[in-house]
Each structure stands twice: as C-alpha cells, then as structure tokens.
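Colleague: Structure file upload_18.pdb, PDB, C-alpha atoms, is pasted below:
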MODEL        1
ATOM      1  CA  TYR P   1       0.898  -0.616  -2.404  1.00  0.00           C
ATOM      2  CA  THR P   2       2.612  -2.787   0.193  1.00  0.00           C
ATOM      3  CA  ILE P   3       1.690  -6.479   0.362  1.00  0.00           C
ATOM      4  CA  ARG P   4       2.554  -8.023   3.716  1.00  0.00           C
ATOM      5  CA  PHE P   5       2.845 -11.729   4.467  1.00  0.00           C
ATOM      6  CA  GLU P   6       3.513 -13.762   7.590  1.00  0.00           C
ATOM      7  CA  ASN P   7       4.429 -17.338   8.443  1.00  0.00           C
ATOM      8  CA  LEU P   8       2.104 -17.801  11.385  1.00  0.00           C
ATOM      9  CA  GLU P   9       3.327 -18.982  14.763  1.00  0.00           C
ATOM     10  CA  THR P  10       1.254 -22.151  14.282  1.00  0.00           C
ATOM     11  CA  ALA P  11       3.361 -23.156  11.250  1.00  0.00           C
ATOM     12  CA  THR P  12       5.462 -26.286  11.672  1.00  0.00           C
ATOM     13  CA  ALA P  13       8.403 -25.184   9.516  1.00  0.00           C
ATOM     14  CA  SER P  14      10.058 -22.216   7.855  1.00  0.00           C
ATOM     15  CA  ALA P  15       8.753 -21.138   4.457  1.00  0.00           C
ATOM     16  CA  ILE P  16      11.100 -22.175   1.640  1.00  0.00           C
ATOM     17  CA  GLU P  17       9.308 -20.393  -1.188  1.00  0.00           C
ATOM     18  CA  VAL P  18       6.748 -17.591  -1.138  1.00  0.00           C
ATOM     19  CA  VAL P  19       4.869 -16.511  -4.267  1.00  0.00           C
ATOM     20  CA  ILE P  20       2.885 -13.263  -4.361  1.00  0.00           C
ATOM     21  CA  THR P  21       0.657 -12.296  -7.296  1.00  0.00           C
ATOM     22  CA  ASP P  22      -1.397  -9.164  -7.790  1.00  0.00           C
ATOM     23  CA  SER P  23      -3.748  -8.885 -10.783  1.00  0.00           C
ATOM     24  CA  LEU P  24      -4.031  -5.185 -11.579  1.00  0.00           C
ATOM     25  CA  ASP P  25      -7.178  -3.947 -13.284  1.00  0.00           C
ATOM     26  CA  THR P  26      -5.928  -2.501 -16.569  1.00  0.00           C
ATOM     27  CA  SER P  27      -9.120  -0.470 -16.944  1.00  0.00           C
ATOM     28  CA  VAL P  28      -8.104   1.766 -14.038  1.00  0.00           C
ATOM     29  CA  TYR P  29      -4.337   1.312 -13.549  1.00  0.00           C
ATOM     30  CA  ASP P  30      -1.751   2.936 -15.828  1.00  0.00           C
ATOM     31  CA  LEU P  31       0.867   0.195 -16.178  1.00  0.00           C
ATOM     32  CA  ASP P  32       3.284   2.626 -17.813  1.00  0.00           C
ATOM     33  CA  ARG P  33       3.603   4.138 -14.353  1.00  0.00           C
ATOM     34  CA  PHE P  34       4.312   0.857 -12.544  1.00  0.00           C
ATOM     35  CA  ALA P  35       7.546   0.408 -10.596  1.00  0.00           C
ATOM     36  CA  LEU P  36       8.751  -2.330  -8.254  1.00  0.00           C
ATOM     37  CA  GLY P  37       9.519  -1.253  -4.700  1.00  0.00           C
ATOM     38  CA  THR P  38      11.283  -2.479  -1.586  1.00  0.00           C
ATOM     39  CA  VAL P  39      11.213  -6.126  -0.519  1.00  0.00           C
ATOM     40  CA  VAL P  40      11.421  -6.605   3.252  1.00  0.00           C
ATOM     41  CA  LEU P  41      12.521  -9.892   4.810  1.00  0.00           C
ATOM     42  CA  PRO P  42      13.527 -10.714   8.392  1.00  0.00           C
ATOM     43  CA  ASP P  43      16.292  -8.298   9.496  1.00  0.00           C
ATOM     44  CA  THR P  44      16.983  -7.096   5.942  1.00  0.00           C
ATOM     45  CA  SER P  45      15.484  -5.317   2.957  1.00  0.00           C
ATOM     46  CA  PHE P  46      16.242  -4.869  -0.746  1.00  0.00           C
ATOM     47  CA  THR P  47      15.304  -1.905  -2.939  1.00  0.00           C
ATOM     48  CA  PRO P  48      15.516  -2.044  -6.753  1.00  0.00           C
ATOM     49  CA  PRO P  49      16.725   0.871  -8.867  1.00  0.00           C
ATOM     50  CA  PRO P  50      13.905   3.328  -9.629  1.00  0.00           C
ATOM     51  CA  GLY P  51      11.398   2.563 -12.369  1.00  0.00           C
ATOM     52  CA  LEU P  52      12.047  -1.169 -12.890  1.00  0.00           C
ATOM     53  CA  THR P  53       9.230  -3.521 -13.900  1.00  0.00           C
ATOM     54  CA  GLU P  54      11.438  -6.623 -13.642  1.00  0.00           C
ATOM     55  CA  TRP P  55      14.196  -7.230 -11.122  1.00  0.00           C
ATOM     56  CA  THR P  56      16.160 -10.071  -9.546  1.00  0.00           C
ATOM     57  CA  THR P  57      18.489  -9.954  -6.574  1.00  0.00           C
ATOM     58  CA  PHE P  58      19.910 -12.393  -4.026  1.00  0.00           C
ATOM     59  CA  TRP P  59      20.185 -12.494  -0.259  1.00  0.00           C
ATOM     60  CA  ASP P  60      23.380 -14.426   0.456  1.00  0.00           C
ATOM     61  CA  ARG P  61      23.050 -15.819   3.968  1.00  0.00           C
ATOM     62  CA  ARG P  62      26.446 -17.482   4.043  1.00  0.00           C
ATOM     63  CA  PRO P  63      28.441 -18.270   6.139  1.00  0.00           C
ATOM     64  CA  ALA P  64      25.777 -18.342   8.870  1.00  0.00           C
ATOM     65  CA  VAL P  65      23.475 -20.434   6.672  1.00  0.00           C
ATOM     66  CA  ASN P  66      24.395 -22.233   3.453  1.00  0.00           C
ATOM     67  CA  SER P  67      21.662 -20.425   1.544  1.00  0.00           C
ATOM     68  CA  ARG P  68      21.087 -17.881  -1.215  1.00  0.00           C
ATOM     69  CA  VAL P  69      17.578 -16.471  -1.268  1.00  0.00           C
ATOM     70  CA  ARG P  70      16.522 -15.449  -4.770  1.00  0.00           C
ATOM     71  CA  ILE P  71      14.131 -12.508  -4.970  1.00  0.00           C
ATOM     72  CA  HIS P  72      12.438 -11.964  -8.312  1.00  0.00           C
ATOM     73  CA  GLY P  73       9.672  -9.514  -9.178  1.00  0.00           C
ATOM     74  CA  GLU P  74       8.129  -8.621 -12.495  1.00  0.00           C
ATOM     75  CA  LEU P  75       5.092  -7.099 -14.183  1.00  0.00           C
ATOM     76  CA  ASP P  76       3.399  -8.785 -17.127  1.00  0.00           C
ATOM     77  CA  ARG P  77       2.131  -5.783 -19.074  1.00  0.00           C
ATOM     78  CA  GLU P  78      -0.212  -7.854 -21.234  1.00  0.00           C
ATOM     79  CA  THR P  79      -2.107  -9.426 -18.347  1.00  0.00           C
ATOM     80  CA  GLY P  80      -1.521  -6.768 -15.693  1.00  0.00           C
ATOM     81  CA  VAL P  81      -0.228  -9.389 -13.248  1.00  0.00           C
ATOM     82  CA  ALA P  82       2.573  -8.340 -10.917  1.00  0.00           C
ATOM     83  CA  ALA P  83       4.371 -11.315  -9.347  1.00  0.00           C
ATOM     84  CA  TRP P  84       7.148 -11.950  -6.856  1.00  0.00           C
ATOM     85  CA  VAL P  85       8.860 -15.275  -6.160  1.00  0.00           C
ATOM     86  CA  ILE P  86      11.128 -15.506  -3.113  1.00  0.00           C
ATOM     87  CA  SER P  87      13.019 -18.815  -2.959  1.00  0.00           C
ATOM     88  CA  ASP P  88      15.550 -20.328  -0.563  1.00  0.00           C
ATOM     89  CA  LEU P  89      18.168 -21.914  -2.848  1.00  0.00           C
ATOM     90  CA  ASP P  90      21.108 -24.221  -2.356  1.00  0.00           C
ATOM     91  CA  PRO P  91      24.131 -22.139  -3.512  1.00  0.00           C
ATOM     92  CA  THR P  92      25.693 -25.190  -5.190  1.00  0.00           C
ATOM     93  CA  THR P  93      22.715 -26.530  -7.146  1.00  0.00           C
ATOM     94  CA  ASN P  94      20.534 -23.398  -7.366  1.00  0.00           C
ATOM     95  CA  ARG P  95      17.591 -25.603  -6.443  1.00  0.00           C
ATOM     96  CA  LEU P  96      15.219 -25.221  -3.529  1.00  0.00           C
ATOM     97  CA  ARG P  97      16.861 -26.303  -0.300  1.00  0.00           C
ATOM     98  CA  THR P  98      15.579 -29.506   1.277  1.00  0.00           C
ATOM     99  CA  SER P  99      17.798 -29.753   4.368  1.00  0.00           C
ATOM    100  CA  ALA P 100      16.430 -29.697   7.897  1.00  0.00           C
ATOM    101  CA  ASP P 101      17.235 -26.004   8.262  1.00  0.00           C
ATOM    102  CA  ALA P 102      15.746 -25.017   4.886  1.00  0.00           C
ATOM    103  CA  GLY P 103      13.610 -21.922   4.696  1.00  0.00           C
ATOM    104  CA  PHE P 104      14.089 -18.176   5.003  1.00  0.00           C
ATOM    105  CA  LEU P 105      10.891 -17.251   6.860  1.00  0.00           C
ATOM    106  CA  PRO P 106      10.497 -19.025  10.210  1.00  0.00           C
ATOM    107  CA  PRO P 107       7.228 -19.191  12.126  1.00  0.00           C
ATOM    108  CA  GLU P 108       6.452 -15.834  13.724  1.00  0.00           C
ATOM    109  CA  ALA P 109       7.424 -15.651  17.407  1.00  0.00           C
ATOM    110  CA  GLY P 110       6.465 -12.073  18.193  1.00  0.00           C
ATOM    111  CA  ASN P 111       9.561 -10.236  16.961  1.00  0.00           C
ATOM    112  CA  GLY P 112       8.855  -9.987  13.229  1.00  0.00           C
ATOM    113  CA  GLU P 113      11.066 -12.914  12.264  1.00  0.00           C
ATOM    114  CA  GLY P 114       8.199 -14.532  10.364  1.00  0.00           C
ATOM    115  CA  GLN P 115       7.083 -11.436   8.481  1.00  0.00           C
ATOM    116  CA  GLY P 116       7.928  -9.896   5.132  1.00  0.00           C
ATOM    117  CA  SER P 117       6.521  -7.613   2.462  1.00  0.00           C
ATOM    118  CA  VAL P 118       6.823  -6.518  -1.148  1.00  0.00           C
ATOM    119  CA  ALA P 119       5.888  -3.109  -2.499  1.00  0.00           C
ATOM    120  CA  PHE P 120       5.195  -1.340  -5.761  1.00  0.00           C
ATOM    121  CA  THR P 121       3.857   1.930  -7.078  1.00  0.00           C
ATOM    122  CA  VAL P 122       1.411   2.360  -9.946  1.00  0.00           C
ATOM    123  CA  GLY P 123      -0.528   5.284 -11.356  1.00  0.00           C
ATOM    124  CA  VAL P 124      -4.152   5.391 -12.372  1.00  0.00           C
ATOM    125  CA  ILE P 125      -5.524   6.272 -15.770  1.00  0.00           C
ATOM    126  CA  PRO P 126      -6.158  10.035 -15.968  1.00  0.00           C
ATOM    127  CA  ASP P 127      -9.680  11.451 -15.863  1.00  0.00           C
ATOM    128  CA  LEU P 128     -11.444   8.406 -14.456  1.00  0.00           C
ATOM    129  CA  PRO P 129     -15.114   9.297 -13.916  1.00  0.00           C
ATOM    130  CA  ASP P 130     -16.539  10.223 -10.563  1.00  0.00           C
ATOM    131  CA  GLY P 131     -17.459   7.181  -8.498  1.00  0.00           C
ATOM    132  CA  THR P 132     -14.884   4.859 -10.068  1.00  0.00           C
ATOM    133  CA  VAL P 133     -13.761   2.277  -7.511  1.00  0.00           C
ATOM    134  CA  ILE P 134     -10.056   1.393  -7.575  1.00  0.00           C
ATOM    135  CA  ALA P 135      -9.799  -1.911  -5.740  1.00  0.00           C
ATOM    136  CA  ASN P 136      -6.848  -4.202  -5.237  1.00  0.00           C
ATOM    137  CA  GLU P 137      -6.009  -7.466  -3.502  1.00  0.00           C
ATOM    138  CA  ALA P 138      -3.215 -10.002  -3.786  1.00  0.00           C
ATOM    139  CA  ASP P 139      -2.709 -13.759  -3.493  1.00  0.00           C
ATOM    140  CA  ILE P 140       0.060 -15.318  -1.389  1.00  0.00           C
ATOM    141  CA  VAL P 141       1.213 -18.940  -1.512  1.00  0.00           C
ATOM    142  CA  PHE P 142       3.609 -20.527   0.960  1.00  0.00           C
ATOM    143  CA  ASP P 143       5.403 -23.602  -0.375  1.00  0.00           C
ATOM    144  CA  ARG P 144       2.607 -24.520  -2.790  1.00  0.00           C
ATOM    145  CA  ASN P 145      -0.026 -24.619  -0.063  1.00  0.00           C
ATOM    146  CA  GLU P 146      -3.481 -23.127  -0.411  1.00  0.00           C
ATOM    147  CA  VAL P 147      -3.767 -19.566  -1.684  1.00  0.00           C
ATOM    148  CA  ILE P 148      -4.063 -16.860   0.961  1.00  0.00           C
ATOM    149  CA  ARG P 149      -5.914 -13.796  -0.298  1.00  0.00           C
ATOM    150  CA  THR P 150      -5.240 -10.410   1.248  1.00  0.00           C
ATOM    151  CA  PRO P 151      -8.095  -8.139   2.336  1.00  0.00           C
ATOM    152  CA  LEU P 152      -9.499  -5.928  -0.410  1.00  0.00           C
ATOM    153  CA  PHE P 153      -8.197  -2.353  -0.375  1.00  0.00           C
ATOM    154  CA  ALA P 154     -10.291   0.177  -2.276  1.00  0.00           C
ATOM    155  CA  ASN P 155     -10.406   3.879  -3.069  1.00  0.00           C
ATOM    156  CA  THR P 156     -13.192   5.736  -4.854  1.00  0.00           C
ATOM    157  CA  ILE P 157     -12.670   8.648  -7.234  1.00  0.00           C
ATOM    158  CA  ASP P 158     -14.517  11.700  -5.873  1.00  0.00           C
ATOM    159  CA  ARG P 159     -14.636  14.564  -8.372  1.00  0.00           C
ATOM    160  CA  ARG P 160     -17.622  16.399  -6.887  1.00  0.00           C
ATOM    161  CA  PRO P 161     -16.506  19.365  -4.781  1.00  0.00           C
ATOM    162  CA  PRO P 162     -17.858  19.762  -1.258  1.00  0.00           C
ATOM    163  CA  THR P 163     -20.361  22.485  -0.405  1.00  0.00           C
ATOM    164  CA  SER P 164     -20.424  24.740   2.622  1.00  0.00           C
ATOM    165  CA  ARG P 165     -22.212  27.834   3.866  1.00  0.00           C
ATOM    166  CA  VAL P 166     -22.416  30.172   6.813  1.00  0.00           C
ATOM    167  CA  LEU P 167     -25.820  30.157   8.459  1.00  0.00           C
ATOM    168  CA  ALA P 168     -27.696  33.353   9.078  1.00  0.00           C
ATOM    169  CA  VAL P 169     -26.603  35.138  12.239  1.00  0.00           C
ATOM    170  CA  GLU P 170     -29.315  35.403  14.853  1.00  0.00           C
ATOM    171  CA  PRO P 171     -30.122  38.840  16.290  1.00  0.00           C
ATOM    172  CA  PHE P 172     -27.829  39.781  19.168  1.00  0.00           C
ATOM    173  CA  ASP P 173     -27.368  42.642  21.592  1.00  0.00           C
ATOM    174  CA  ALA P 174     -23.641  42.543  22.271  1.00  0.00           C
ATOM    175  CA  ASP P 175     -21.349  44.246  19.793  1.00  0.00           C
ATOM    176  CA  THR P 176     -18.135  42.442  20.774  1.00  0.00           C
ATOM    177  CA  SER P 177     -18.914  38.742  20.138  1.00  0.00           C
ATOM    178  CA  TRP P 178     -21.474  36.528  18.471  1.00  0.00           C
ATOM    179  CA  VAL P 179     -21.950  32.912  17.441  1.00  0.00           C
ATOM    180  CA  VAL P 180     -21.234  31.988  13.838  1.00  0.00           C
ATOM    181  CA  ARG P 181     -22.682  28.704  12.661  1.00  0.00           C
ATOM    182  CA  PHE P 182     -21.713  26.920   9.476  1.00  0.00           C
ATOM    183  CA  GLU P 183     -22.343  23.607   7.759  1.00  0.00           C
ATOM    184  CA  GLY P 184     -21.104  21.588   4.821  1.00  0.00           C
ATOM    185  CA  ALA P 185     -21.523  18.338   2.973  1.00  0.00           C
ATOM    186  CA  ASP P 186     -19.589  16.038   0.661  1.00  0.00           C
ATOM    187  CA  ALA P 187     -21.409  12.986  -0.652  1.00  0.00           C
ATOM    188  CA  GLY P 188     -18.167  11.261  -1.677  1.00  0.00           C
ATOM    189  CA  ALA P 189     -15.114  11.539   0.545  1.00  0.00           C
ATOM    190  CA  GLY P 190     -16.883  13.467   3.290  1.00  0.00           C
ATOM    191  CA  VAL P 191     -15.850  16.680   5.003  1.00  0.00           C
ATOM    192  CA  ARG P 192     -12.458  16.534   6.690  1.00  0.00           C
ATOM    193  CA  ARG P 193     -12.299  20.077   8.071  1.00  0.00           C
ATOM    194  CA  TYR P 194     -13.649  23.594   7.769  1.00  0.00           C
ATOM    195  CA  ASP P 195     -11.446  26.666   7.284  1.00  0.00           C
ATOM    196  CA  LEU P 196     -13.292  29.741   8.537  1.00  0.00           C
ATOM    197  CA  TYR P 197     -12.266  33.068   7.024  1.00  0.00           C
ATOM    198  CA  ALA P 198     -13.147  36.491   8.389  1.00  0.00           C
ATOM    199  CA  GLN P 199     -13.037  39.916   6.814  1.00  0.00           C
ATOM    200  CA  ALA P 200     -13.145  43.363   8.379  1.00  0.00           C
ATOM    201  CA  SER P 201     -14.446  46.315   6.440  1.00  0.00           C
ATOM    202  CA  GLY P 202     -11.941  47.366   3.804  1.00  0.00           C
ATOM    203  CA  SER P 203      -9.471  44.494   4.489  1.00  0.00           C
ATOM    204  CA  ASN P 204      -8.641  41.206   2.820  1.00  0.00           C
ATOM    205  CA  PRO P 205     -10.104  37.934   4.137  1.00  0.00           C
ATOM    206  CA  PHE P 206      -7.910  36.076   6.607  1.00  0.00           C
ATOM    207  CA  LEU P 207      -7.984  32.574   8.092  1.00  0.00           C
ATOM    208  CA  TYR P 208      -9.694  32.949  11.435  1.00  0.00           C
ATOM    209  CA  ALA P 209     -10.051  29.325  12.586  1.00  0.00           C
ATOM    210  CA  THR P 210      -9.872  25.722  11.457  1.00  0.00           C
ATOM    211  CA  SER P 211     -12.353  23.146  12.644  1.00  0.00           C
ATOM    212  CA  ALA P 212     -11.289  19.495  12.250  1.00  0.00           C
ATOM    213  CA  ILE P 213     -13.977  16.847  11.775  1.00  0.00           C
ATOM    214  CA  ARG P 214     -13.436  13.552  13.608  1.00  0.00           C
TER     215      ARG P 214
ENDMDL
END
Rewrite the coordinates I just gave you, this time as structure tokens.
Modeller:
Amino acid sequence: YTIRFENLETATASAIEVVITDSLDTSVYDLDRFALGTVVLPDTSFTPPPGLTEWTTFWDRRPAVNSRVRIHGELDRETGVAAWVISDLDPTTNRLRTSADAGFLPPEAGNGEGQGSVAFTVGVIPDLPDGTVIANEADIVFDRNEVIRTPLFANTIDRRPPTSRVLAVEPFDADTSWVVRFEGADAGAGVRRYDLYAQASGSNPFLYATSAIR
C-alpha cells in the first residue's frame, strides 16, 4: 500500500507535523509479513532496510534550513495499527520548530512541493474464503487539525474459476474459413481475456488468438 498526503494550495502555512495511521484488520492481514516501505517527501525519499516493522531516520535540511525532519514509522502488532509521524524539529532542542519558516511540507503549488507519501507491504492470511473483502483506509492529521480519511481501497478474494465454452459451429459451405463463437463468465473478478486454442488432426493444440476484454 502507498498512502499519499498533500498540503493543499489553500493552506495558509507549511505543515510542521504529519501523522498517518492505518488500522489493519488482523482477521485478514498477516502481520508477520508486514514491512515498512519508502517515505517520499518533497524532492527526496527515504527507504528503510528490508523487513523492518519499526524505523526512524532524519532528513537534515541544513544549511539551507535550520531543520531536522524526524521520520518514524512502526507497527503495533497487538492492535494492528501502523503509524508514521513526520516532524520538523529544531536541531538544537529537538522540539517542533515554531519559527516563521517552520514546516517541511509547503502548500501545493502545482509542482509536487506539497505532496508526500508513506508505503508498506503486508501479506494476507492464507486460504481466506471466497468472497472475503480485504479493505483498507488510513487517517492523516496535519498539525493536530481534523482527521483526513483516505478513500477506501478494497479487494475481494475470488476462488471460483471462470467458465468458458465454444459454441456450436453453424453449418457452412466453404471449407477454408468459418466463424467460431465462444463465451465465458466469471461471477467474481470477471473475464479479462480469452485464449483461443486450435488443433489440427494428429497435432498438439496451439494458441491461435487472444481476445482482450475491455
């Protein structure tokens, strides 16, 4: 998953602290297969070593700006909550900056300067039953303002195989070409494409054509 956030162009100041939380459903997600991923901030990105469930790093913006941005992500295995806190700190006091130029995420102006993201990977519990919905959404807070909830992203487990068949060939006079009609159905994910195989007498089947469904 990648959770994206943006300080809108209507904002009156840069964001000093951004908190992202994602409550993972422990009935469908396998937290033993959780790993923190890349954090993207304006003009830079940070990637933790593989497989970590807790990680802290710093973006030292000196000498251009007297700022160290602390990036911390962790998974609480007991609750299933993954959380990231990104804070603009004063390098001397290690407290949130309060100066006029405080903040690491300015209002968006059309070039991505107000955008960022965090990412993670997580597996699902094996053998979930057909029809299980795996849904996820996250909460984002800018500087202790109201919670912003991301859109819900969902996948559904589809274990039922699709069905297909070639329809009966209508009588024809020509012996060089004829129309072959086929159909298929998949009640879950739907049919993405058909692979049509042909076979001449005494030979092995071969892929004759592929029909993509749009």
Colleague: For the file shown, report as a list in words the outcome of the PyMOL selection byres ((chain P and resi 44) around 12) at residue level.
Modeller: Thr38, Val39, Val40, Leu41, Pro42, Asp43, Ser45, Phe46, Thr47, Phe58, Trp59, Asp60, Arg61, Val69, Phe104, Leu105, Gly112, Glu113, Gln115, Gly116 and Ser117 of chain P
Colleague: Taking (15.2, 4.6, -6.9) in the file's coordinates, which residues come within 12 Å, counting only C-alpha atoms, written as a PyMOL selection string?
Modeller: chain P and resi 35-38+46-52+120-121
Colleague: Would you mind exporting C-alpha atoms of the selected residues as a short mmCIF file (atom, residue, chain, number, x, y, z; two decimals), in the frame of the given file?
Modeller:
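File written: again_10.cif
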data_model
loop_
_atom_site.label_atom_id
_atom_site.label_comp_id
_atom_site.auth_asym_id
_atom_site.auth_seq_id
_atom_site.Cartn_x
_atom_site.Cartn_y
_atom_site.Cartn_z
CA ALA P 35 7.55 0.41 -10.60
CA LEU P 36 8.75 -2.33 -8.25
CA GLY P 37 9.52 -1.25 -4.70
CA THR P 38 11.28 -2.48 -1.59
CA PHE P 46 16.24 -4.87 -0.75
CA THR P 47 15.30 -1.90 -2.94
CA PRO P 48 15.52 -2.04 -6.75
CA PRO P 49 16.73 0.87 -8.87
CA PRO P 50 13.90 3.33 -9.63
CA GLY P 51 11.40 2.56 -12.37
CA LEU P 52 12.05 -1.17 -12.89
CA PHE P 120 5.20 -1.34 -5.76
CA THR P 121 3.86 1.93 -7.08
#
Colleague: Convert the output of the PyMOL selection byres ((chain P and resi 161) around 12) on the shown file into explicit residues, formatted as JSON, numbers by chain.
Modeller: {"P": [130, 157, 158, 159, 160, 162, 163, 164, 184, 185, 186, 187, 188, 189, 190, 191]}
Colleague: Taking all atoms listed in the file into account, name the residue in P:Asp143, P:Ile20, P:Leu31, P:Pro205 that is nearest to P:Thr98.
Modeller: P:Asp143
Colleague: Of the residues P:Leu75, P:Ala102, P:Val118, P:Val65, which is the one nearest to P:Asp88, using only C-alpha atoms?
Modeller: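 Residue with the minimum atom-to-atom distance to P:Asp88: P:Ala102.
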Colleague: Need to verify the contact set: P:Asn66, 9 Å, only C-alpha atoms, exclusion of same-chain residues closer than 3 positions in sequence. Can you return it as a ChimeraX atom specification?
Modeller: /P:60-63,89-91
Colleague: Translate the PyMOL selection byres ((chain P and resi 122) around 6) into a concrete residue list for this structure, as a PyMOL selection string.
Modeller: chain P and resi 33-34+121+123
Colleague: Near P:Glu9, counting only C-alpha atoms, which residues have an atom at most 9 Å away, once you skip same-chain residues fewer than 2 positions from it, shown as a VMD selection string?
Modeller: chain P and resid 6 to 7 11 to 12 106 to 110 114
Colleague: I need the residue nearest P:Thr92 from this list: P:Ser67, P:Gly131, P:Leu24, P:Thr10. Use only C-alpha atoms for the distance.
Modeller: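 Of the candidates, the smallest distance to P:Thr92 is held by P:Ser67.
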Colleague: Counting only C-alpha atoms, what is within 8 Å of P:Leu207, bar same-chain residues fewer than 3 positions away, as a PyMOL selection string?
Modeller: chain P and resi 195-198+210
Colleague: Figure out the distance between atom CA of P:Thr53 and atom CA of P:Gly103, please, to one decimal in Å.
Modeller: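 About the pair atom CA of P:Gly103 and atom CA of P:Thr53: they are 26.5 Å apart.
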Colleague: Anything within 8 Å of (7.6, -14.2, -5.0): list those residues as a PyMOL selection string, counting all atoms listed in the file and sticking to the file's coordinates.
Modeller: chain P and resi 17-21+71-73+83-87
Colleague: Choose the residue, out of P:Leu8, P:Val124, P:Asp101, P:Pro151, that has the smallest atom-to-atom separation from P:Asp139; count only C-alpha atoms.
Modeller: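 Among the listed residues, P:Pro151 lies closest to P:Asp139.
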Colleague: My list of candidates is P:Phe153, P:Tyr194, P:Phe5, P:Phe206. Which is closest to P:Phe182 when distances are computed with all atoms listed in the file?
Modeller: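 Of P:Phe153, P:Tyr194, P:Phe5, P:Phe206, the one nearest P:Phe182, counting all atoms listed in the file, is P:Tyr194.
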Colleague: Can you measure atom CA of P:Ala13 to atom CA of P:Arg144 for me? One decimal in Å is fine.
Modeller: 13.6 Å
Colleague: Between atom CA of P:Arg70 and atom CA of P:Asn94, what distance in Å does the model show, to one decimal?
Modeller: 9.3 Å
